[in-house]
$ cat my_file_12.csv   # CSV, C-alpha atoms
chain,number,residue,atom,x,y,z
A,1,MET,CA,6.0,-33.3,-46.8
A,2,ASN,CA,3.0,-32.4,-44.6
A,3,THR,CA,-0.5,-32.1,-46.2
A,4,GLU,CA,-3.7,-30.5,-45.0
A,5,ASN,CA,-5.0,-33.9,-44.0
A,6,GLN,CA,-2.2,-34.8,-41.6
A,7,TRP,CA,-3.5,-33.1,-38.5
A,8,ILE,CA,-2.9,-34.6,-35.0
A,9,THR,CA,-5.4,-33.6,-32.3
A,10,THR,CA,-4.0,-33.5,-28.8
A,11,PRO,CA,-6.1,-33.0,-25.7
A,12,VAL,CA,-5.3,-29.8,-23.8
A,13,THR,CA,-4.2,-31.0,-20.4
A,14,ALA,CA,-2.5,-29.5,-17.4
A,15,ASP,CA,0.9,-30.7,-18.4
A,16,LEU,CA,0.7,-28.5,-21.6
A,17,LEU,CA,-0.3,-25.4,-19.7
A,18,ARG,CA,1.6,-23.0,-17.5
A,19,GLY,CA,0.4,-20.0,-15.5
A,20,ALA,CA,-3.1,-21.4,-14.5
A,21,LEU,CA,-3.9,-22.5,-11.0
A,22,GLU,CA,-6.8,-24.7,-12.1
A,23,LEU,CA,-8.6,-26.0,-15.2
A,24,GLU,CA,-12.4,-26.2,-15.5
A,25,ARG,CA,-14.0,-28.5,-18.0
A,26,THR,CA,-16.9,-26.7,-19.7
A,27,GLU,CA,-19.5,-27.7,-22.2
A,28,ARG,CA,-17.2,-26.6,-25.0
A,29,GLY,CA,-13.7,-27.2,-23.7
A,30,ILE,CA,-11.2,-26.2,-21.0
A,31,LEU,CA,-11.3,-22.9,-19.1
A,32,PRO,CA,-8.1,-21.9,-17.4
A,33,HIS,CA,-8.6,-20.2,-14.0
A,34,ARG,CA,-6.1,-18.1,-12.0
A,35,LEU,CA,-7.9,-18.7,-8.7
A,36,PRO,CA,-8.8,-22.2,-7.4
A,37,ALA,CA,-12.4,-23.3,-7.0
A,38,ARG,CA,-12.4,-22.8,-3.2
A,39,ALA,CA,-11.4,-19.1,-3.7
A,40,ARG,CA,-14.0,-18.6,-6.5
A,41,ALA,CA,-16.7,-20.0,-4.2
A,42,GLN,CA,-15.9,-17.4,-1.6
A,43,ASN,CA,-16.0,-14.5,-4.1
A,44,THR,CA,-19.2,-12.6,-4.9
A,45,ASP,CA,-17.7,-9.8,-7.0
A,46,PRO,CA,-18.4,-10.1,-10.8
A,47,GLN,CA,-15.4,-8.0,-11.5
A,48,LEU,CA,-13.0,-10.4,-9.9
A,49,ALA,CA,-14.9,-13.4,-11.4
A,50,MET,CA,-14.2,-11.9,-14.8
A,51,ALA,CA,-10.6,-10.9,-14.1
A,52,GLU,CA,-9.5,-14.3,-12.7
A,53,ALA,CA,-10.9,-16.1,-15.7
A,54,GLN,CA,-8.9,-13.9,-18.1
A,55,PRO,CA,-5.7,-15.9,-18.7
A,56,ALA,CA,-3.0,-13.3,-18.1
A,57,GLY,CA,0.3,-15.2,-18.2
A,58,VAL,CA,-1.3,-18.5,-19.1
A,59,ARG,CA,0.3,-20.2,-22.1
A,60,LEU,CA,0.4,-23.5,-23.9
A,61,VAL,CA,4.0,-24.9,-23.8
A,62,LEU,CA,4.9,-27.6,-26.2
A,63,ARG,CA,7.9,-29.6,-27.4
A,64,THR,CA,7.3,-30.4,-31.0
A,65,ARG,CA,8.6,-30.7,-34.6
A,66,ALA,CA,5.3,-29.2,-35.9
A,67,THR,CA,5.5,-26.4,-38.5
A,68,ARG,CA,1.7,-25.7,-38.3
A,69,ILE,CA,-0.5,-25.3,-35.3
A,70,GLU,CA,-4.3,-24.7,-35.0
A,71,LEU,CA,-6.1,-23.9,-31.8
A,72,ASP,CA,-9.9,-23.7,-31.6
A,73,THR,CA,-11.0,-21.3,-28.8
A,74,VAL,CA,-14.1,-19.5,-27.5
A,75,PRO,CA,-13.0,-16.0,-26.5
A,76,THR,CA,-15.2,-13.7,-24.5
A,77,LYS,CA,-15.0,-10.2,-26.0
A,78,ARG,CA,-15.7,-7.2,-23.7
A,79,VAL,CA,-17.8,-4.4,-25.0
A,80,TYR,CA,-18.2,-1.2,-23.0
A,81,ALA,CA,-21.4,0.7,-23.6
A,82,GLY,CA,-20.8,4.1,-25.2
A,83,VAL,CA,-17.2,3.3,-26.0
A,84,PRO,CA,-15.7,2.4,-29.4
A,85,PRO,CA,-15.1,-1.4,-29.8
A,86,ARG,CA,-12.0,-2.8,-28.2
A,87,PRO,CA,-9.5,-4.6,-30.4
A,88,ASP,CA,-9.6,-8.4,-30.3
A,89,GLY,CA,-7.3,-10.0,-27.8
A,90,VAL,CA,-4.1,-11.4,-29.2
A,91,TYR,CA,-2.2,-14.7,-28.9
A,92,ASP,CA,1.6,-14.5,-28.9
A,93,LEU,CA,3.6,-17.3,-30.4
A,94,LEU,CA,7.1,-17.9,-29.0
A,95,VAL,CA,9.5,-20.3,-30.6
A,96,ASP,CA,12.5,-21.2,-28.4
A,97,GLY,CA,11.8,-18.0,-26.4
A,98,ARG,CA,11.5,-15.6,-29.3
A,99,LEU,CA,8.3,-13.8,-30.3
A,100,THR,CA,7.6,-15.0,-33.9
A,101,GLY,CA,3.8,-14.4,-34.3
A,102,ARG,CA,0.8,-12.5,-33.0
A,103,GLU,CA,-2.8,-13.3,-34.1
A,104,SER,CA,-6.3,-12.9,-32.9
A,105,VAL,CA,-9.5,-15.1,-32.9
A,106,THR,CA,-12.8,-13.7,-34.1
A,107,GLY,CA,-16.2,-14.9,-32.9
A,108,GLY,CA,-16.8,-16.0,-29.4
A,109,ASN,CA,-19.0,-14.7,-26.6
A,110,THR,CA,-19.8,-11.0,-25.9
A,111,LEU,CA,-19.8,-9.4,-22.5
A,112,THR,CA,-21.3,-5.9,-22.5
A,113,ILE,CA,-20.4,-3.8,-19.6
A,114,ASP,CA,-22.1,-0.5,-18.6
A,115,MET,CA,-19.4,1.4,-16.7
A,116,THR,CA,-21.8,3.9,-15.4
A,117,THR,CA,-24.1,1.3,-13.7
A,118,GLY,CA,-21.8,-1.7,-13.4
A,119,ALA,CA,-24.4,-3.9,-15.3
A,120,PHE,CA,-23.1,-7.0,-17.2
A,121,ASP,CA,-24.9,-8.7,-20.2
A,122,HIS,CA,-23.4,-12.0,-21.5
A,123,ARG,CA,-24.2,-13.4,-25.0
A,124,THR,CA,-23.0,-16.7,-26.3
A,125,GLY,CA,-21.2,-16.9,-29.7
A,126,PRO,CA,-19.3,-19.5,-31.9
A,127,ALA,CA,-15.8,-20.8,-31.5
A,128,GLY,CA,-13.0,-19.4,-33.7
A,129,THR,CA,-9.7,-20.8,-34.9
A,130,LEU,CA,-6.2,-19.5,-34.3
A,131,ARG,CA,-3.6,-20.5,-37.0
A,132,PHE,CA,0.2,-20.3,-37.0
A,133,SER,CA,2.2,-21.7,-39.9
A,134,GLY,CA,5.7,-21.6,-41.2
A,135,LEU,CA,7.3,-22.6,-37.9
A,136,PRO,CA,10.9,-23.7,-38.3
A,137,GLU,CA,11.6,-27.4,-38.9
A,138,GLY,CA,13.1,-29.6,-36.1
A,139,ASP,CA,12.5,-30.0,-32.4
A,140,LYS,CA,11.7,-26.7,-30.6
A,141,ASP,CA,9.9,-25.3,-27.6
A,142,VAL,CA,6.7,-23.6,-28.7
A,143,GLU,CA,4.6,-21.3,-26.4
A,144,ILE,CA,1.2,-19.8,-27.2
A,145,TRP,CA,0.4,-17.1,-24.7
A,146,LEU,CA,-3.3,-16.6,-24.4
A,147,PRO,CA,-4.9,-13.2,-24.5
A,148,HIS,CA,-4.4,-11.5,-21.1
A,149,ASN,CA,-7.7,-9.6,-21.4
A,150,GLU,CA,-10.1,-12.1,-22.9
A,151,THR,CA,-11.6,-15.1,-21.1
A,152,THR,CA,-10.6,-18.0,-23.4
A,153,GLU,CA,-12.0,-21.5,-23.5
A,154,LEU,CA,-9.7,-24.0,-25.2
A,155,VAL,CA,-11.6,-26.3,-27.5
A,156,ALA,CA,-9.1,-28.2,-29.6
A,157,LEU,CA,-5.4,-28.3,-30.4
A,158,ARG,CA,-4.2,-29.5,-33.8
A,159,THR,CA,-0.6,-29.8,-35.1
A,160,ASP,CA,1.1,-31.4,-38.1
A,161,ALA,CA,3.5,-33.3,-35.8
A,162,PRO,CA,3.2,-34.8,-32.3
A,163,VAL,CA,3.6,-32.6,-29.3
A,164,ALA,CA,4.9,-33.3,-25.8
A,165,PRO,CA,5.2,-31.3,-22.6
A,166,VAL,CA,8.4,-29.2,-22.3
A,167,PRO,CA,10.7,-30.7,-19.7
A,168,ASP,CA,11.7,-28.7,-16.7
A,169,ARG,CA,14.4,-26.3,-17.7
A,170,GLY,CA,15.3,-25.4,-14.1
A,171,ARG,CA,13.9,-21.9,-14.3
A,172,ARG,CA,12.7,-20.4,-11.0
A,173,VAL,CA,8.9,-19.8,-10.6
A,174,TRP,CA,7.9,-16.2,-9.9
A,175,LEU,CA,4.4,-15.8,-8.4
A,176,HIS,CA,3.1,-12.2,-8.6
A,177,HIS,CA,-0.1,-10.6,-7.4
A,178,GLY,CA,-1.4,-7.1,-8.3
A,179,SER,CA,-4.1,-5.0,-9.9
A,180,SER,CA,-5.1,-4.3,-13.5
A,181,ILE,CA,-1.7,-2.9,-14.2
A,182,SER,CA,-0.1,-6.2,-13.3
A,183,HIS,CA,-3.0,-8.0,-15.1
A,184,GLY,CA,-1.9,-6.1,-18.2
A,185,SER,CA,-4.4,-3.4,-18.9
A,186,ASP,CA,-3.4,-1.5,-22.1
A,187,ALA,CA,-0.4,-3.7,-22.8
A,188,ALA,CA,0.2,-4.6,-26.5
A,189,GLY,CA,-0.1,-8.3,-26.0
A,190,PRO,CA,0.2,-11.1,-23.4
A,191,THR,CA,4.0,-11.2,-23.5
A,192,ALA,CA,4.2,-7.4,-23.3
A,193,THR,CA,2.5,-7.0,-19.9
A,194,TRP,CA,5.1,-5.7,-17.5
A,195,PRO,CA,5.2,-8.9,-15.5
A,196,ALA,CA,5.7,-11.1,-18.6
A,197,HIS,CA,8.4,-8.8,-19.9
A,198,ALA,CA,10.2,-8.7,-16.6
A,199,ALA,CA,9.9,-12.5,-16.3
A,200,ALA,CA,11.5,-12.9,-19.7
A,201,LEU,CA,14.3,-10.6,-18.8
A,202,GLY,CA,14.9,-12.3,-15.5
A,203,GLY,CA,14.7,-15.9,-16.8
A,204,ALA,CA,11.7,-16.8,-14.6
A,205,GLU,CA,8.6,-18.8,-15.1
A,206,LEU,CA,5.7,-16.4,-14.4
A,207,ILE,CA,2.4,-17.1,-12.6
A,208,ASN,CA,0.5,-13.9,-12.8
A,209,LEU,CA,-2.2,-13.3,-10.2
A,210,GLY,CA,-2.8,-9.7,-11.3
A,211,PHE,CA,-6.6,-9.2,-11.2
A,212,GLY,CA,-8.1,-6.0,-12.8
A,213,GLY,CA,-9.8,-4.0,-10.1
A,214,SER,CA,-9.4,-6.7,-7.6
A,215,ALA,CA,-6.1,-6.5,-5.7
A,216,LEU,CA,-8.0,-5.9,-2.5
A,217,LEU,CA,-6.2,-8.0,0.1
A,218,ASP,CA,-8.8,-10.7,-0.1
A,219,PRO,CA,-8.0,-13.6,2.3
A,220,PHE,CA,-8.8,-16.2,-0.4
A,221,THR,CA,-6.2,-14.6,-2.7
A,222,ALA,CA,-3.6,-14.8,0.1
A,223,ARG,CA,-4.4,-18.5,0.5
A,224,ALA,CA,-4.0,-19.0,-3.2
A,225,LEU,CA,-0.6,-17.4,-3.1
A,226,ARG,CA,0.2,-19.5,0.0
A,227,ASP,CA,-0.7,-22.8,-1.7
A,228,THR,CA,1.0,-22.2,-5.1
A,229,PRO,CA,4.5,-23.6,-5.4
A,230,ALA,CA,7.0,-20.8,-6.2
A,231,GLY,CA,10.5,-19.7,-5.3
A,232,LEU,CA,10.0,-16.0,-5.9
A,233,LEU,CA,7.0,-13.9,-4.7
A,234,SER,CA,5.8,-10.3,-5.1
A,235,VAL,CA,2.7,-8.5,-4.1
A,236,LYS,CA,1.8,-5.1,-5.5
A,237,ILE,CA,-0.7,-3.4,-3.2
A,238,GLY,CA,-2.6,-0.1,-3.1
A,239,ILE,CA,-4.3,1.3,-6.1
A,240,ASN,CA,-7.4,-0.8,-5.9
A,241,VAL,CA,-7.7,-0.3,-2.2
A,242,VAL,CA,-7.7,3.5,-2.9
A,243,ASN,CA,-9.8,3.7,-6.0
A,244,THR,CA,-12.6,1.5,-4.5
A,245,ASP,CA,-12.4,3.4,-1.2
A,246,LEU,CA,-12.4,0.0,0.4
A,247,MET,CA,-11.0,0.7,3.8
A,248,ARG,CA,-9.5,3.2,6.1
A,249,LEU,CA,-5.9,3.3,7.4
A,250,ARG,CA,-7.0,1.6,10.7
A,251,ALA,CA,-8.1,-1.5,8.7
A,252,PHE,CA,-5.4,-1.3,6.0
A,253,GLY,CA,-2.4,-2.0,8.1
A,254,PRO,CA,-3.7,-5.1,9.9
A,255,ALA,CA,-5.1,-6.4,6.5
A,256,VAL,CA,-1.6,-6.1,5.0
A,257,HIS,CA,-0.1,-7.9,8.0
A,258,GLY,CA,-2.7,-10.7,7.7
A,259,PHE,CA,-2.2,-11.1,4.0
A,260,LEU,CA,1.6,-11.4,4.4
A,261,ASP,CA,1.2,-13.7,7.3
A,262,THR,CA,-0.9,-16.1,5.2
A,263,VAL,CA,1.6,-16.0,2.2
A,264,ARG,CA,4.4,-16.7,4.6
A,265,GLU,CA,2.7,-19.8,5.9
A,266,GLY,CA,3.3,-21.5,2.5
A,267,HIS,CA,6.6,-19.7,1.7
A,268,PRO,CA,8.4,-19.0,4.9
A,269,THR,CA,11.8,-18.1,3.5
A,270,ALA,CA,11.3,-17.3,-0.2
A,271,PRO,CA,12.2,-13.8,-1.3
A,272,LEU,CA,9.0,-11.8,-0.9
A,273,LEU,CA,8.8,-8.3,-2.4
A,274,VAL,CA,6.1,-5.8,-1.5
A,275,VAL,CA,5.6,-3.2,-4.2
A,276,SER,CA,3.7,0.0,-3.6
A,277,PRO,CA,1.7,1.8,-6.3
A,278,VAL,CA,3.2,3.4,-9.4
A,279,LEU,CA,2.5,7.1,-9.8
A,280,CYS,CA,-1.2,7.9,-10.4
A,281,PRO,CA,-1.6,11.7,-10.1
A,282,ILE,CA,-5.3,11.7,-9.5
A,283,HIS,CA,-4.9,9.6,-6.3
A,284,GLU,CA,-1.5,10.7,-5.0
A,285,ASP,CA,-3.1,12.9,-2.4
A,286,THR,CA,-6.9,12.5,-3.2
A,287,PRO,CA,-8.8,9.6,-1.8
A,288,GLY,CA,-11.2,7.5,-3.8
A,289,PRO,CA,-13.6,6.3,-5.0
A,290,THR,CA,-12.6,6.6,-8.6
A,291,ALA,CA,-15.4,7.5,-11.0
A,292,LEU,CA,-15.6,7.5,-14.8
A,293,ASP,CA,-15.8,11.0,-16.3
A,294,PRO,CA,-19.0,10.7,-18.5
A,295,ALA,CA,-17.9,13.5,-20.7
A,296,SER,CA,-14.8,11.5,-21.8
A,297,LEU,CA,-17.0,8.8,-23.4
A,298,ALA,CA,-17.7,11.1,-26.3
A,299,THR,CA,-14.0,11.4,-27.0
A,300,GLY,CA,-13.5,7.6,-27.4
A,301,GLN,CA,-11.0,7.6,-24.6
A,302,PRO,CA,-12.6,7.0,-21.2
A,303,ARG,CA,-10.9,8.9,-18.4
A,304,PHE,CA,-11.2,8.5,-14.7
A,305,ARG,CA,-11.2,11.0,-11.8
A,306,ALA,CA,-10.8,10.9,-8.0
A,307,THR,CA,-14.0,11.9,-6.2
A,308,GLY,CA,-12.7,12.0,-2.6
A,309,ASP,CA,-11.8,15.0,-0.6
A,310,PRO,CA,-8.0,15.4,0.2
A,311,ALA,CA,-9.0,16.7,3.7
A,312,GLU,CA,-10.4,13.3,4.5
A,313,ARG,CA,-7.0,11.8,4.8
A,314,ALA,CA,-7.0,13.2,8.3
A,315,ASN,CA,-9.9,10.8,9.1
A,316,GLY,CA,-8.0,7.8,7.8
A,317,LYS,CA,-9.1,7.8,4.1
A,318,LEU,CA,-6.4,6.3,2.0
A,319,THR,CA,-4.4,8.0,-0.8
A,320,LEU,CA,-1.5,6.5,-2.7
A,321,ASN,CA,1.0,8.5,-0.5
A,322,ALA,CA,-0.7,7.2,2.6
A,323,VAL,CA,-0.5,3.6,1.3
A,324,ARG,CA,3.2,3.9,0.4
A,325,GLU,CA,4.0,5.3,3.9
A,326,GLU,CA,2.2,2.4,5.6
A,327,LEU,CA,3.6,-0.3,3.4
A,328,ALA,CA,7.2,1.0,3.9
A,329,ARG,CA,6.5,1.1,7.7
A,330,ILE,CA,5.1,-2.5,7.7
A,331,VAL,CA,8.0,-3.9,5.7
A,332,ARG,CA,10.5,-2.2,8.0
A,333,GLN,CA,8.8,-3.6,11.0
A,334,ARG,CA,8.5,-7.2,9.7
A,335,SER,CA,11.9,-7.3,8.0
A,336,ALA,CA,13.6,-7.2,11.5
A,337,GLU,CA,12.4,-10.9,11.8
A,338,ASP,CA,12.0,-11.7,8.1
A,339,PRO,CA,15.3,-11.0,6.3
A,340,ASN,CA,13.8,-12.1,2.9
A,341,LEU,CA,11.1,-9.5,2.9
A,342,TYR,CA,11.7,-6.4,0.7
A,343,TYR,CA,10.0,-3.2,-0.3
A,344,LEU,CA,10.0,-1.3,-3.6
A,345,ASP,CA,8.4,2.1,-4.1
A,346,GLY,CA,6.4,1.8,-7.3
A,347,ARG,CA,7.4,5.3,-8.4
A,348,ALA,CA,10.8,3.8,-9.1
A,349,LEU,CA,9.1,1.8,-11.9
A,350,TYR,CA,6.9,4.7,-13.1
A,351,GLY,CA,7.2,8.1,-11.6
A,352,ALA,CA,6.7,11.8,-12.4
A,353,ASP,CA,9.2,12.0,-15.2
A,354,ASP,CA,7.6,8.9,-16.8
A,355,TYR,CA,4.1,10.5,-16.5
A,356,ALA,CA,5.4,13.6,-18.3
A,357,GLU,CA,6.8,11.5,-21.2
A,358,LEU,CA,4.2,8.6,-21.2
A,359,PRO,CA,1.1,9.9,-19.5
A,360,LEU,CA,-1.6,7.5,-18.4
A,361,PRO,CA,-4.2,7.6,-21.2
A,362,ASP,CA,-7.2,7.2,-18.9
A,363,GLU,CA,-5.4,8.6,-15.8
A,364,LEU,CA,-5.2,5.1,-14.2
A,365,HIS,CA,-3.4,2.6,-16.6
A,366,PRO,CA,0.0,2.8,-18.2
A,367,ASP,CA,0.1,2.5,-22.0
A,368,ALA,CA,1.9,-0.2,-24.0
A,369,ALA,CA,5.3,1.6,-24.0
A,370,ALA,CA,5.1,2.2,-20.2
A,371,HIS,CA,4.4,-1.5,-19.6
A,372,LEU,CA,7.7,-2.4,-21.2
A,373,ARG,CA,9.5,0.3,-19.3
A,374,ILE,CA,8.0,-0.9,-16.0
A,375,GLY,CA,9.0,-4.5,-16.8
A,376,GLU,CA,12.6,-3.5,-17.7
A,377,ARG,CA,13.0,-1.5,-14.5
A,378,PHE,CA,11.5,-4.2,-12.4
A,379,ALA,CA,13.9,-6.8,-13.9
A,380,ALA,CA,16.8,-4.4,-13.4
A,381,HIS,CA,16.0,-3.8,-9.8
A,382,THR,CA,14.8,-7.2,-8.8
A,383,PHE,CA,16.6,-9.9,-10.8
A,384,ALA,CA,20.0,-8.2,-11.2
A,385,ALA,CA,22.9,-8.8,-8.9
A,386,GLY,CA,22.1,-7.5,-5.4
A,387,GLY,CA,18.4,-7.5,-6.1
A,388,PRO,CA,15.8,-9.5,-4.1
A,389,PHE,CA,15.4,-12.1,-6.8
A,390,ALA,CA,19.1,-12.3,-7.8
A,391,LEU,CA,20.5,-15.7,-8.5
A,392,PRO,CA,22.8,-17.0,-5.7
A,393,GLU,CA,26.5,-16.4,-6.5
A,394,GLY,CA,27.8,-19.1,-8.8
A,395,ALA,CA,24.4,-20.2,-10.0
A,396,PRO,CA,23.9,-20.6,-13.8
A,397,ASP,CA,22.3,-17.8,-15.7
A,398,GLN,CA,18.6,-18.6,-16.4
A,399,ALA,CA,17.8,-15.7,-18.7

$ encode --input "my_file_12.csv" --output "structure tokens"
Amino acid sequence: MNTENQWITTPVTADLLRGALELERTERGILPHRLPARARAQNTDPQLAMAEAQPAGVRLVLRTRATRIELDTVPTKRVYAGVPPRPDGVYDLLVDGRLTGRESVTGGNTLTIDMTTGAFDHRTGPAGTLRFSGLPEGDKDVEIWLPHNETTELVALRTDAPVAPVPDRGRRVWLHHGSSISHGSDAAGPTATWPAHAAALGGAELINLGFGGSALLDPFTARALRDTPAGLLSVKIGINVVNTDLMRLRAFGPAVHGFLDTVREGHPTAPLLVVSPVLCPIHEDTPGPTALDPASLATGQPRFRATGDPAERANGKLTLNAVREELARIVRQRSAEDPNLYYLDGRALYGADDYAELPLPDELHPDAAAHLRIGERFAAHTFAAGGPFALPEGAPDQA
């Protein structure tokens, strides 16, 4: 019978973590990163720096007989000036692939963001402790998915039985890049983001390089995709290019070609799916930039609006419809020599009927229910028989 004094402390090492590209040792513990140091050194944008350090898709994966687990962490809580406090990030516990627990950690650092000016203020706080108990007896695979929207330093892992890395189960690795929607904005938890949900349905090991506000065709992100081992790849492109008003059509097409060229240097024959934006009515035919509606702050639900002029599309300003047309054209052109390159219109994942039923609460991001719907549709389109990520005929089912 275990007692409160029979804790085993295990160092958090790379063989116990999945979904991170690199681990940084900090003064307090281990900080998972979703971009390598070389890429981070080439980035000057605080938004991307924050996003890549939020561990979307990163999880501790253990083989153990433990029935109790404690994890000391230092979360970084985001506070938006003038907006009601956000709920704490959640940690999802999976036992042999089944969600069996969801908890949060209090304390930690605070990052205050003024959405009207873009200013950031960071304050240091204490570590907190995550506890899961009552796990079933016997050997089992245990996963703790870290909060997808809170930077999380891992300080100490304690269990009441030894832990070991989970052996390779033969599941294919799916590497995905996208915007805040792929990152998981407004999902209910880290296993409920649409990529995590789709990966579970498709029996794939997810590496999620979805970066809130930062799917901007950065060359260092393309190199990170190129250099990360994976058998399945997807890139979801468009909404951030439009809502930041980053480039015109003349630059967009060559930038997409260059991004795909770089990815193909590391994955010349793997299935590569290009996904265009899901429906976002404010930007379907109106260019960016996107701006916060200040009046919405008083309601407790921030809302965004497009500030561009639809007539400017004639001068090359990008809208979501313009992006979809260009992505479809590029994939058609390239697929003549690249038979493993595919295109998916994002409106097949979330379109006009979905917006009528499950509207975007802030006019940009799907809600928790829509995340699950997008994940289900992506899995049905992509992992099912005949889809770009379908298993070869006769291969064992990995779901």

$ residues_near_point --input "my_file_12.csv" --point "(-1.6, -31.3, -35.2)" --cutoff "10 Å" --atoms "all atoms listed in the file" --output "number ranges by chain"
A: 5-10, 64, 66-71, 156-163

$ closest_residue --input "my_file_12.csv" --among "A:Pro84, A:Pro36, A:Gly202, A:Pro147" --to "Ala385 of chain A" --atoms "only C-alpha atoms"
A:Gly202

$ residues_around --input "my_file_12.csv" --residues "segment 354-358 of chain A" --least-positions-apart "5" --cutoff "12 Å" --atoms "only C-alpha atoms" --output "ChimeraX atom specification"
/A:278-282,346-349,363-374,377

$ closest_residue --input "my_file_12.csv" --among "A:Asp245, A:Ser296, A:Gly266, A:Pro359" --to "Glu312 of chain A" --atoms "only C-alpha atoms"
A:Asp245

$ closest_atom_pairs --input "my_file_12.csv" --of "segment 268-312 of chain A" --to "segment 225-233 of chain A" --cutoff "8 Å" --atoms "only C-alpha atoms" --output "CSV"
residue,atom,partner,partner_atom,distance
A:Ala270,CA,A:Gly231,CA,5.7
A:Pro271,CA,A:Leu232,CA,5.6
A:Leu272,CA,A:Leu233,CA,4.8
A:Leu273,CA,A:Leu233,CA,6.3

$ write_last_selection --input "my_file_12.csv" --atoms "C-alpha atoms" --output "CSV table (one decimal), in the coordinates of the input"
chain,number,residue,atom,x,y,z
A,270,ALA,CA,11.3,-17.3,-0.2
A,271,PRO,CA,12.2,-13.8,-1.3
A,272,LEU,CA,9.0,-11.8,-0.9
A,273,LEU,CA,8.8,-8.3,-2.4

$ residues_around --input "my_file_12.csv" --residues "segment 123-139 of chain A" --least-positions-apart "2" --cutoff "9 Å" --atoms "only C-alpha atoms" --output "PyMOL selection string"
chain A and resi 28+63-76+91+93+95+100-112+121+141+153+155

$ write_last_selection --input "my_file_12.csv" --atoms "C-alpha atoms" --output "PDB file, keeping the file's coordinate frame"
ATOM      1  CA  ARG A  28     -17.200 -26.600 -25.000  1.00  0.00           C
ATOM      2  CA  ARG A  63       7.900 -29.600 -27.400  1.00  0.00           C
ATOM      3  CA  THR A  64       7.300 -30.400 -31.000  1.00  0.00           C
ATOM      4  CA  ARG A  65       8.600 -30.700 -34.600  1.00  0.00           C
ATOM      5  CA  ALA A  66       5.300 -29.200 -35.900  1.00  0.00           C
ATOM      6  CA  THR A  67       5.500 -26.400 -38.500  1.00  0.00           C
ATOM      7  CA  ARG A  68       1.700 -25.700 -38.300  1.00  0.00           C
ATOM      8  CA  ILE A  69      -0.500 -25.300 -35.300  1.00  0.00           C
ATOM      9  CA  GLU A  70      -4.300 -24.700 -35.000  1.00  0.00           C
ATOM     10  CA  LEU A  71      -6.100 -23.900 -31.800  1.00  0.00           C
ATOM     11  CA  ASP A  72      -9.900 -23.700 -31.600  1.00  0.00           C
ATOM     12  CA  THR A  73     -11.000 -21.300 -28.800  1.00  0.00           C
ATOM     13  CA  VAL A  74     -14.100 -19.500 -27.500  1.00  0.00           C
ATOM     14  CA  PRO A  75     -13.000 -16.000 -26.500  1.00  0.00           C
ATOM     15  CA  THR A  76     -15.200 -13.700 -24.500  1.00  0.00           C
ATOM     16  CA  TYR A  91      -2.200 -14.700 -28.900  1.00  0.00           C
ATOM     17  CA  LEU A  93       3.600 -17.300 -30.400  1.00  0.00           C
ATOM     18  CA  VAL A  95       9.500 -20.300 -30.600  1.00  0.00           C
ATOM     19  CA  THR A 100       7.600 -15.000 -33.900  1.00  0.00           C
ATOM     20  CA  GLY A 101       3.800 -14.400 -34.300  1.00  0.00           C
ATOM     21  CA  ARG A 102       0.800 -12.500 -33.000  1.00  0.00           C
ATOM     22  CA  GLU A 103      -2.800 -13.300 -34.100  1.00  0.00           C
ATOM     23  CA  SER A 104      -6.300 -12.900 -32.900  1.00  0.00           C
ATOM     24  CA  VAL A 105      -9.500 -15.100 -32.900  1.00  0.00           C
ATOM     25  CA  THR A 106     -12.800 -13.700 -34.100  1.00  0.00           C
ATOM     26  CA  GLY A 107     -16.200 -14.900 -32.900  1.00  0.00           C
ATOM     27  CA  GLY A 108     -16.800 -16.000 -29.400  1.00  0.00           C
ATOM     28  CA  ASN A 109     -19.000 -14.700 -26.600  1.00  0.00           C
ATOM     29  CA  THR A 110     -19.800 -11.000 -25.900  1.00  0.00           C
ATOM     30  CA  LEU A 111     -19.800  -9.400 -22.500  1.00  0.00           C
ATOM     31  CA  THR A 112     -21.300  -5.900 -22.500  1.00  0.00           C
ATOM     32  CA  ASP A 121     -24.900  -8.700 -20.200  1.00  0.00           C
ATOM     33  CA  ASP A 141       9.900 -25.300 -27.600  1.00  0.00           C
ATOM     34  CA  GLU A 153     -12.000 -21.500 -23.500  1.00  0.00           C
ATOM     35  CA  VAL A 155     -11.600 -26.300 -27.500  1.00  0.00           C
TER      36      VAL A 155
END

$ residues_around --input "my_file_12.csv" --residues "Glu22 of chain A" --least-positions-apart "6" --cutoff "8 Å" --atoms "all atoms listed in the file" --output "NGL selection string"
:A and (32-37)

$ closest_residue --input "my_file_12.csv" --among "A:His283, A:Arg264, A:His257, A:Arg248" --to "Ala314 of chain A" --atoms "all atoms listed in the file"
A:Arg248

$ atom_distance --input "my_file_12.csv" --atom1 "atom CA of Asp186 of chain A" --atom2 "atom CA of Ala51 of chain A"
14.3 Å

$ closest_residue --input "my_file_12.csv" --among "A:Leu206, A:Met247, A:Val275, A:Val331" --to "Thr319 of chain A" --atoms "all atoms listed in the file"
A:Met247

$ atom_distance --input "my_file_12.csv" --atom1 "atom CA of Val323 of chain A" --atom2 "atom CA of Asn208 of chain A"
22.5 Å

$ closest_residue --input "my_file_12.csv" --among "A:Arg305, A:Lys317, A:Arg334, A:Lys236" --to "Gly258 of chain A" --atoms "only C-alpha atoms"
A:Arg334
